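A short worksheet on the structure shown next.
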Amino acid sequence: METEGARTDRLGLLLEQFDQAREMAQVRLAGLGDEEYLWEPVPGCWSLRRRGEAATPRAFGPGEWVLDQGAPDIPASEYAEVARQAADGMTVEKIADDWSVSVERVEQVLAHTGEPEPDDTPVTTIAWRLGHLHFHFAGGWEWTFGERRHEPKLLVDFTPSAALELERFWTVIDRWRESVACLTEEQLDTVGLSQYPYSNDADYPFVGVLAAANLEFIHHMAEIALLRDLWRARFAPSR
């Protein structure tokens, strides 16, 4: 369906949302330099680091540079997400697999009561945010439109060069968008069209997976935009 040239069907609306977010993100990322890309605004940031120098025990990547990832646990800030997964019908076993923790740990989280825990989400660098999006969209494409067999965490050769990362990143994003644009209505409603292993995508119609991918892109790009603002203002005189 179209109204004065604008698509109003489900896929059209999601594509328009993604395109607008991509356009804004590309403008906001213009001029990103290596120092800003790797800037750590506070101690203990998750970032991109040389292999052997990672600050976290589960850092990953196929090459010399790896992306920080923490201990196999569920952060307190994600307890509500675990509860939502359980309410949506995911088994405790599937949730445990999704978060790479034990069944017992999931049961502890689901039984958690009392005062809310403090937010323990780590502060991350621009390099980490871009790398996170890069491997998720690379893996999402592979496990939806590709061969569905390659490990997502080995698909992206992370780099300390902001310019090279952005060149590779936009190539992956554009491939995703091109493949999504060819989806049929039947495919949008297909449960399990995506088999992405680090999610519960396989349990949902792909239209929901697609909406979640848009949200992932939008919220991480908003965080990157804020980090750019903080970088620009870090030495600005106070008023």
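Within each chain, counting starts at residue 1; across the structure tokens, chains are named A, B, ... in the order shown, with ligands numbered 1 upward in that order.
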
How close does each residue of region 50-105 of chain A get to region 201-212 of chain A, giving the shortest atom pair and distance in Å to one decimal for every residue with an atom at most 10 Å away, counting only C-alpha atoms, sorted by chain and residue number, as CSV?
```
residue,atom,partner,partner_atom,distance
A:Asp88,CA,A:Asp203,CA,10.0
A:Gly89,CA,A:Asp203,CA,9.5
A:Met90,CA,A:Asp203,CA,8.5
```

Written selection (N, CA, C and O atoms) as a PDB file, in the first residue's frame:
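That gives us again.pdb:
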```
ATOM      1  N   ASP A  88       7.331 -14.550  28.007  1.00  0.00           N
ATOM      2  CA  ASP A  88       7.010 -14.786  26.604  1.00  0.00           C
ATOM      3  C   ASP A  88       7.045 -16.262  26.238  1.00  0.00           C
ATOM      4  O   ASP A  88       6.805 -16.627  25.085  1.00  0.00           O
ATOM      5  N   GLY A  89       7.386 -17.108  27.207  1.00  0.00           N
ATOM      6  CA  GLY A  89       7.319 -18.551  26.962  1.00  0.00           C
ATOM      7  C   GLY A  89       8.646 -19.244  26.763  1.00  0.00           C
ATOM      8  O   GLY A  89       8.679 -20.457  26.519  1.00  0.00           O
ATOM      9  N   MET A  90       9.773 -18.523  26.859  1.00  0.00           N
ATOM     10  CA  MET A  90      11.070 -19.183  26.732  1.00  0.00           C
ATOM     11  C   MET A  90      11.304 -20.088  27.937  1.00  0.00           C
ATOM     12  O   MET A  90      11.017 -19.710  29.068  1.00  0.00           O
TER      13      MET A  90
END
```

Per-residue DSSP, region 49-163 of chain A, filtered to strand (DSSP E or B), as a PyMOL selection string: chain A and resi 49-50+60+65-67+124

Distance query Asp174 (chain A) at most 12 Å, only C-alpha atoms, self and fewer than 4 positions along chain excluded, as a list in words: Leu15, Phe18, Asp19, Arg22, Glu23, His134, Phe137, Ala138, Trp141, Leu166, Glu167, Arg168, Phe169, Trp170, Glu178, Ser179, Val180 and Ala181 of chain A

As a PyMOL selection string, please: the residues near Leu154 (chain A) (cut-off 10 Å, only C-alpha atoms, same-chain neighbours under 3 positions excluded). chain A and resi 60-63+135+138-139+150-151+157-158

Tell me, as an MDAnalysis selection string, which residues lie within 12 Å of Ala59 (chain A), counting only C-alpha atoms; anything in the same chain fewer than 3 positions away does not count. chainID A and resid 46:56 62:72 128 131:132 153:154 158

Would you kindly return, as number ranges by chain, each protein, DNA or RNA residue with an atom no farther than 12 Å from any atom of Gln108 (chain A), considering only C-alpha atoms and excluding same-chain residues fewer than 2 positions away? A: 73-74, 76, 79, 82-83, 92, 96, 101-106, 110-113

Export, as a PDB file, in the first residue's frame, the selected residues with N, CA, C and O atoms.
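Wrote part.pdb, looks like this:
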```pdb
ATOM      1  N   ASP A  73      27.641 -14.041  33.069  1.00  0.00           N
ATOM      2  CA  ASP A  73      26.624 -13.809  34.083  1.00  0.00           C
ATOM      3  C   ASP A  73      25.562 -12.900  33.498  1.00  0.00           C
ATOM      4  O   ASP A  73      25.735 -12.333  32.414  1.00  0.00           O
ATOM      5  N   ILE A  74      24.459 -12.762  34.208  1.00  0.00           N
ATOM      6  CA  ILE A  74      23.380 -11.881  33.787  1.00  0.00           C
ATOM      7  C   ILE A  74      23.488 -10.602  34.596  1.00  0.00           C
ATOM      8  O   ILE A  74      23.340 -10.632  35.822  1.00  0.00           O
ATOM      9  N   ALA A  76      22.600  -7.243  36.560  1.00  0.00           N
ATOM     10  CA  ALA A  76      21.378  -6.866  37.271  1.00  0.00           C
ATOM     11  C   ALA A  76      20.477  -5.983  36.415  1.00  0.00           C
ATOM     12  O   ALA A  76      19.254  -6.042  36.512  1.00  0.00           O
ATOM     13  N   TYR A  79      17.841  -8.067  34.483  1.00  0.00           N
ATOM     14  CA  TYR A  79      16.903  -8.969  35.139  1.00  0.00           C
ATOM     15  C   TYR A  79      15.495  -8.847  34.546  1.00  0.00           C
ATOM     16  O   TYR A  79      14.780  -9.840  34.373  1.00  0.00           O
ATOM     17  N   VAL A  82      15.233 -10.805  31.367  1.00  0.00           N
ATOM     18  CA  VAL A  82      15.105 -12.246  31.612  1.00  0.00           C
ATOM     19  C   VAL A  82      13.665 -12.585  32.007  1.00  0.00           C
ATOM     20  O   VAL A  82      13.094 -13.578  31.541  1.00  0.00           O
ATOM     21  N   ALA A  83      13.072 -11.753  32.851  1.00  0.00           N
ATOM     22  CA  ALA A  83      11.680 -11.971  33.247  1.00  0.00           C
ATOM     23  C   ALA A  83      10.752 -11.890  32.044  1.00  0.00           C
ATOM     24  O   ALA A  83       9.790 -12.656  31.921  1.00  0.00           O
ATOM     25  N   VAL A  92      13.508 -22.118  30.782  1.00  0.00           N
ATOM     26  CA  VAL A  92      14.671 -21.750  31.587  1.00  0.00           C
ATOM     27  C   VAL A  92      15.945 -22.218  30.889  1.00  0.00           C
ATOM     28  O   VAL A  92      16.969 -21.530  30.882  1.00  0.00           O
ATOM     29  N   ALA A  96      18.975 -19.823  29.696  1.00  0.00           N
ATOM     30  CA  ALA A  96      20.342 -20.072  30.163  1.00  0.00           C
ATOM     31  C   ALA A  96      21.310 -20.144  28.984  1.00  0.00           C
ATOM     32  O   ALA A  96      22.414 -19.582  29.036  1.00  0.00           O
ATOM     33  N   VAL A 101      24.784 -18.935  30.744  1.00  0.00           N
ATOM     34  CA  VAL A 101      24.875 -19.168  32.182  1.00  0.00           C
ATOM     35  C   VAL A 101      24.187 -20.492  32.495  1.00  0.00           C
ATOM     36  O   VAL A 101      23.608 -21.138  31.634  1.00  0.00           O
ATOM     37  N   SER A 102      24.249 -20.892  33.756  1.00  0.00           N
ATOM     38  CA  SER A 102      23.617 -22.135  34.169  1.00  0.00           C
ATOM     39  C   SER A 102      22.114 -21.945  34.358  1.00  0.00           C
ATOM     40  O   SER A 102      21.629 -20.825  34.556  1.00  0.00           O
ATOM     41  N   VAL A 103      21.398 -23.057  34.325  1.00  0.00           N
ATOM     42  CA  VAL A 103      19.960 -23.031  34.598  1.00  0.00           C
ATOM     43  C   VAL A 103      19.710 -22.506  36.005  1.00  0.00           C
ATOM     44  O   VAL A 103      18.769 -21.733  36.244  1.00  0.00           O
ATOM     45  N   GLU A 104      20.574 -22.900  36.935  1.00  0.00           N
ATOM     46  CA  GLU A 104      20.423 -22.459  38.321  1.00  0.00           C
ATOM     47  C   GLU A 104      20.528 -20.935  38.422  1.00  0.00           C
ATOM     48  O   GLU A 104      19.802 -20.306  39.193  1.00  0.00           O
ATOM     49  N   ARG A 105      21.433 -20.347  37.634  1.00  0.00           N
ATOM     50  CA  ARG A 105      21.591 -18.894  37.679  1.00  0.00           C
ATOM     51  C   ARG A 105      20.337 -18.202  37.155  1.00  0.00           C
ATOM     52  O   ARG A 105      19.892 -17.189  37.727  1.00  0.00           O
ATOM     53  N   VAL A 106      19.736 -18.730  36.111  1.00  0.00           N
ATOM     54  CA  VAL A 106      18.494 -18.150  35.577  1.00  0.00           C
ATOM     55  C   VAL A 106      17.394 -18.249  36.622  1.00  0.00           C
ATOM     56  O   VAL A 106      16.630 -17.297  36.832  1.00  0.00           O
ATOM     57  N   LEU A 110      15.157 -15.210  38.187  1.00  0.00           N
ATOM     58  CA  LEU A 110      13.701 -15.184  38.116  1.00  0.00           C
ATOM     59  C   LEU A 110      13.067 -15.140  39.504  1.00  0.00           C
ATOM     60  O   LEU A 110      11.955 -14.626  39.666  1.00  0.00           O
ATOM     61  N   ALA A 111      13.779 -15.642  40.492  1.00  0.00           N
ATOM     62  CA  ALA A 111      13.256 -15.633  41.858  1.00  0.00           C
ATOM     63  C   ALA A 111      13.662 -14.379  42.616  1.00  0.00           C
ATOM     64  O   ALA A 111      13.263 -14.201  43.771  1.00  0.00           O
ATOM     65  N   HIS A 112      14.433 -13.517  41.982  1.00  0.00           N
ATOM     66  CA  HIS A 112      14.972 -12.332  42.663  1.00  0.00           C
ATOM     67  C   HIS A 112      13.843 -11.395  43.089  1.00  0.00           C
ATOM     68  O   HIS A 112      12.980 -11.035  42.316  1.00  0.00           O
ATOM     69  N   THR A 113      13.884 -11.011  44.353  1.00  0.00           N
ATOM     70  CA  THR A 113      12.912 -10.051  44.874  1.00  0.00           C
ATOM     71  C   THR A 113      13.660  -9.014  45.691  1.00  0.00           C
ATOM     72  O   THR A 113      14.857  -9.124  45.938  1.00  0.00           O
TER      73      THR A 113
END
```

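Among the candidates A:Gly33, A:Pro57, A:Glu223, A:Thr144, the one nearest to Gln187 (chain A) when counting only C-alpha atoms is A:Thr144.
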
Using only C-alpha atoms, determine which residues lie at most 8 Å from region 224-230 of chain A, disregarding the query and same-chain residues fewer than 3 positions distant; provide the list as an MDAnalysis selection string. chainID A and resid 25 28:29 36 125:126 129 220:221 233:234

Have a look at A:Pro197, A:Cys182, A:Met24, A:Phe145 and name the one nearest to Asp97 (chain A); count only C-alpha atoms.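 Smallest distance to Asp97 (chain A) is found for A:Pro197.
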
Apply DSSP to the backbone of this structure and, from region 165-234 of chain A, keep only the residues in alpha helix (DSSP H); write these as a PyMOL selection string. chain A and resi 165-180+185-188+206-233

I need the residues from that last selection saved to file as a CSV table (one decimal), in the first residue's frame (with C-alpha atoms), if you can.
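For reference, out21.csv as written:
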```csv
chain,number,residue,atom,x,y,z
A,165,GLU,CA,35.9,0.2,10.6
A,166,LEU,CA,33.3,2.5,9.2
A,167,GLU,CA,34.0,1.4,5.7
A,168,ARG,CA,33.5,-2.2,6.6
A,169,PHE,CA,30.6,-1.5,8.9
A,170,TRP,CA,28.5,0.4,6.3
A,171,THR,CA,29.2,-2.4,3.8
A,172,VAL,CA,27.6,-4.9,6.2
A,173,ILE,CA,24.7,-2.6,7.0
A,174,ASP,CA,24.0,-2.0,3.3
A,175,ARG,CA,24.0,-5.7,2.6
A,176,TRP,CA,21.6,-6.3,5.4
A,177,ARG,CA,19.3,-3.5,4.1
A,178,GLU,CA,19.4,-4.9,0.6
A,179,SER,CA,18.4,-8.4,1.7
A,180,VAL,CA,15.7,-7.1,4.0
A,185,GLU,CA,5.0,-10.9,3.4
A,186,GLU,CA,5.2,-14.6,3.9
A,187,GLN,CA,8.8,-14.4,5.0
A,188,LEU,CA,8.0,-11.6,7.4
A,206,PHE,CA,10.8,-12.3,11.4
A,207,VAL,CA,8.9,-9.1,11.4
A,208,GLY,CA,9.5,-8.9,15.1
A,209,VAL,CA,13.2,-9.7,14.7
A,210,LEU,CA,13.4,-7.0,12.1
A,211,ALA,CA,11.8,-4.4,14.4
A,212,ALA,CA,14.2,-5.4,17.2
A,213,ALA,CA,17.2,-5.0,14.8
A,214,ASN,CA,16.1,-1.5,14.0
A,215,LEU,CA,15.9,-0.7,17.7
A,216,GLU,CA,19.3,-2.2,18.3
A,217,PHE,CA,20.8,0.0,15.6
A,218,ILE,CA,18.9,3.2,16.8
A,219,HIS,CA,19.8,2.9,20.5
A,220,HIS,CA,23.5,2.1,20.0
A,221,MET,CA,23.8,4.9,17.5
A,222,ALA,CA,22.2,7.3,20.0
A,223,GLU,CA,24.8,6.2,22.6
A,224,ILE,CA,27.6,6.8,20.1
A,225,ALA,CA,26.2,10.3,19.3
A,226,LEU,CA,26.3,11.1,23.1
A,227,LEU,CA,29.9,9.8,23.4
A,228,ARG,CA,30.8,12.1,20.5
A,229,ASP,CA,29.2,15.0,22.3
A,230,LEU,CA,31.1,14.2,25.4
A,231,TRP,CA,34.4,13.9,23.5
A,232,ARG,CA,33.9,17.3,21.9
A,233,ALA,CA,33.0,18.9,25.3
```
